[in-house]
Amino acid sequence: QVQLVESGGGLVQPGKSLRLSCVASGLSFWVYGGKWYRQAPGGEREWVASIFPTTGGTDYGTAVKDRFTISRDNVENTINLQMYSLRPDDSAVYYCNVRSSGRDYWGQGTQVTVSS
């Protein structure tokens with residue numbers, strides 16, 4: 001059974017940093033890669049970043065490029081999202097995602113609020 005559990009969200013001031021983590025059980029991020037999405041209140045779910053299988057190559061949404069970094073820990077089977085220079089419009093619930101055999105798996109989400 002696949003399970004994704006996010007952690008690390010919270011309240012942070014504009015300009016500060018925050019690190020999110022997602023631990024997986026039942027599949028490997030090294031094999032399948034992983035993604036982060038976010039959803040603000042009243043908004044659609046937005047893709048944030050991807051880390052690719054095996055190679056570990058990365059890709060980012062325009063809004064977060066050069067501010068966020070996605071990484072993978074193959075020992076702990078986690079993917080992380082290091083967020084720098086946070087802005088109020090980064091406030092959202094952040095979700096971890098993996099696609100395996102044509103099926104999408106999601107975590108429960110972790111809330112990030114950027115406010116002074």
# chains A, B, ... in the order shown; residues from 1 in each chain; ligands from 1

call {"tool": "residues_around", "arguments": {"residues": "Gly9 (chain A)", "least_positions_apart": "6", "cutoff": "6 Å", "atoms": "only C-alpha atoms", "output": "JSON, numbers by chain"}}
result
{"A": [110, 111, 112]}

call {"tool": "write_last_selection", "arguments": {"atoms": "N, CA and C atoms", "output": "mmCIF file, in the first residue's frame"}}
result
data_model
loop_
_atom_site.group_PDB
_atom_site.id
_atom_site.type_symbol
_atom_site.label_atom_id
_atom_site.label_comp_id
_atom_site.auth_asym_id
_atom_site.auth_seq_id
_atom_site.Cartn_x
_atom_site.Cartn_y
_atom_site.Cartn_z
ATOM 1 N N THR A 110 0.414 19.669 3.632
ATOM 2 C CA THR A 110 0.928 20.422 4.780
ATOM 3 C C THR A 110 0.751 21.908 4.485
ATOM 4 N N GLN A 111 0.231 22.628 5.461
ATOM 5 C CA GLN A 111 -0.113 24.040 5.261
ATOM 6 C C GLN A 111 1.122 24.919 5.415
ATOM 7 N N VAL A 112 1.311 25.795 4.461
ATOM 8 C CA VAL A 112 2.348 26.826 4.539
ATOM 9 C C VAL A 112 1.643 28.178 4.504
#

call {"tool": "select_by_dssp", "arguments": {"residues": "chain A", "states": "helix (DSSP H, G or I)", "output": "PyMOL selection string"}}
result
chain A and resi 29-32+88-90

call {"tool": "write_last_selection", "arguments": {"atoms": "N, CA, C and O atoms", "output": "JSON list (two decimals), in the first residue's frame"}}
result
[["chain", "number", "residue", "atom", "x", "y", "z"],
["A", 29, "PHE", "N", 10.96, 6.73, -4.40],
["A", 29, "PHE", "CA", 11.13, 7.97, -5.16],
["A", 29, "PHE", "C", 12.26, 7.84, -6.18],
["A", 29, "PHE", "O", 12.23, 8.50, -7.21],
["A", 30, "TRP", "N", 13.21, 7.00, -5.91],
["A", 30, "TRP", "CA", 14.31, 6.82, -6.86],
["A", 30, "TRP", "C", 13.79, 6.17, -8.15],
["A", 30, "TRP", "O", 14.21, 6.52, -9.24],
["A", 31, "VAL", "N", 12.84, 5.27, -8.01],
["A", 31, "VAL", "CA", 12.28, 4.58, -9.17],
["A", 31, "VAL", "C", 11.25, 5.43, -9.90],
["A", 31, "VAL", "O", 11.22, 5.47, -11.14],
["A", 32, "TYR", "N", 10.41, 6.12, -9.17],
["A", 32, "TYR", "CA", 9.26, 6.81, -9.78],
["A", 32, "TYR", "C", 9.40, 8.32, -9.84],
["A", 32, "TYR", "O", 8.61, 8.98, -10.52],
["A", 88, "PRO", "N", 3.94, 36.09, 0.47],
["A", 88, "PRO", "CA", 2.57, 35.77, 0.87],
["A", 88, "PRO", "C", 1.82, 34.92, -0.16],
["A", 88, "PRO", "O", 1.01, 34.07, 0.22],
["A", 89, "ASP", "N", 2.11, 35.11, -1.44],
["A", 89, "ASP", "CA", 1.39, 34.32, -2.44],
["A", 89, "ASP", "C", 1.92, 32.89, -2.55],
["A", 89, "ASP", "O", 1.42, 32.11, -3.37],
["A", 90, "ASP", "N", 2.91, 32.52, -1.75],
["A", 90, "ASP", "CA", 3.32, 31.13, -1.64],
["A", 90, "ASP", "C", 2.46, 30.37, -0.63],
["A", 90, "ASP", "O", 2.58, 29.15, -0.51]]

call {"tool": "closest_residue", "arguments": {"among": "A:Val98, A:Ile70, A:Val93, A:Val114", "to": "Glu44 (chain A)", "atoms": "only C-alpha atoms"}}
result
A:Val93

call {"tool": "select_by_dssp", "arguments": {"residues": "region 33-113 of chain A", "states": "strand (DSSP E)", "output": "JSON, numbers by chain"}}
result
{"A": [34, 35, 36, 37, 38, 39, 46, 47, 48, 49, 50, 51, 58, 59, 60, 68, 69, 70, 71, 72, 73, 78, 79, 80, 81, 82, 83, 92, 93, 94, 95, 96, 97, 98, 99, 100, 103, 104, 105, 106, 110, 111, 112, 113]}

call {"tool": "closest_residue", "arguments": {"among": "A:Arg99, A:Gly107, A:Gly42, A:Pro53", "to": "Asn74 (chain A)", "atoms": "only C-alpha atoms"}}
result
A:Pro53

call {"tool": "residues_around", "arguments": {"residues": "Ser21 (chain A)", "least_positions_apart": "4", "cutoff": "7 Å", "atoms": "only C-alpha atoms", "output": "JSON, numbers by chain"}}
result
{"A": [6, 7, 8, 78, 79, 80, 81]}

call {"tool": "write_last_selection", "arguments": {"atoms": "N, CA, C and O atoms", "output": "PDB file, in the first residue's frame"}}
result
ATOM      1  N   GLU A   6       3.489  14.178   4.271  1.00  0.00           N
ATOM      2  CA  GLU A   6       4.231  15.436   4.241  1.00  0.00           C
ATOM      3  C   GLU A   6       4.406  15.995   5.643  1.00  0.00           C
ATOM      4  O   GLU A   6       3.604  15.732   6.537  1.00  0.00           O
ATOM      5  N   SER A   7       5.449  16.802   5.796  1.00  0.00           N
ATOM      6  CA  SER A   7       5.684  17.496   7.060  1.00  0.00           C
ATOM      7  C   SER A   7       6.492  18.758   6.788  1.00  0.00           C
ATOM      8  O   SER A   7       7.045  18.926   5.692  1.00  0.00           O
ATOM      9  N   GLY A   8       6.550  19.629   7.796  1.00  0.00           N
ATOM     10  CA  GLY A   8       7.407  20.802   7.699  1.00  0.00           C
ATOM     11  C   GLY A   8       6.702  22.108   7.465  1.00  0.00           C
ATOM     12  O   GLY A   8       7.340  23.162   7.472  1.00  0.00           O
ATOM     13  N   THR A  78      12.717   9.912   0.898  1.00  0.00           N
ATOM     14  CA  THR A  78      11.968  11.161   1.025  1.00  0.00           C
ATOM     15  C   THR A  78      12.289  12.093  -0.141  1.00  0.00           C
ATOM     16  O   THR A  78      13.345  11.981  -0.784  1.00  0.00           O
ATOM     17  N   ILE A  79      11.372  12.981  -0.422  1.00  0.00           N
ATOM     18  CA  ILE A  79      11.688  14.139  -1.251  1.00  0.00           C
ATOM     19  C   ILE A  79      11.442  15.381  -0.406  1.00  0.00           C
ATOM     20  O   ILE A  79      10.567  15.393   0.469  1.00  0.00           O
ATOM     21  N   ASN A  80      12.259  16.364  -0.652  1.00  0.00           N
ATOM     22  CA  ASN A  80      12.214  17.584   0.142  1.00  0.00           C
ATOM     23  C   ASN A  80      12.013  18.788  -0.767  1.00  0.00           C
ATOM     24  O   ASN A  80      12.369  18.763  -1.944  1.00  0.00           O
ATOM     25  N   LEU A  81      11.432  19.826  -0.196  1.00  0.00           N
ATOM     26  CA  LEU A  81      11.263  21.079  -0.922  1.00  0.00           C
ATOM     27  C   LEU A  81      11.801  22.187  -0.038  1.00  0.00           C
ATOM     28  O   LEU A  81      11.174  22.526   0.979  1.00  0.00           O
TER      29      LEU A  81
END

call {"tool": "atom_distance", "arguments": {"atom1": "CA of Ser50 (chain A)", "atom2": "CA of Asn77 (chain A)"}}
result
15.2 Å

call {"tool": "closest_residue", "arguments": {"among": "A:Val2, A:Ala63, A:Leu18, A:Ala49", "to": "Gly34 (chain A)", "atoms": "only C-alpha atoms"}}
result
A:Ala49

call {"tool": "atom_distance", "arguments": {"atom1": "CA of Cys22 (chain A)", "atom2": "CA of Ser115 (chain A)"}}
result
23.5 Å

call {"tool": "atom_distance", "arguments": {"atom1": "CA of Phe52 (chain A)", "atom2": "CA of Gln3 (chain A)"}}
result
19.0 Å

call {"tool": "closest_residue", "arguments": {"among": "A:Ser25, A:Thr54, A:Gln39, A:Ser71", "to": "Gly109 (chain A)", "atoms": "only C-alpha atoms"}}
result
A:Gln39
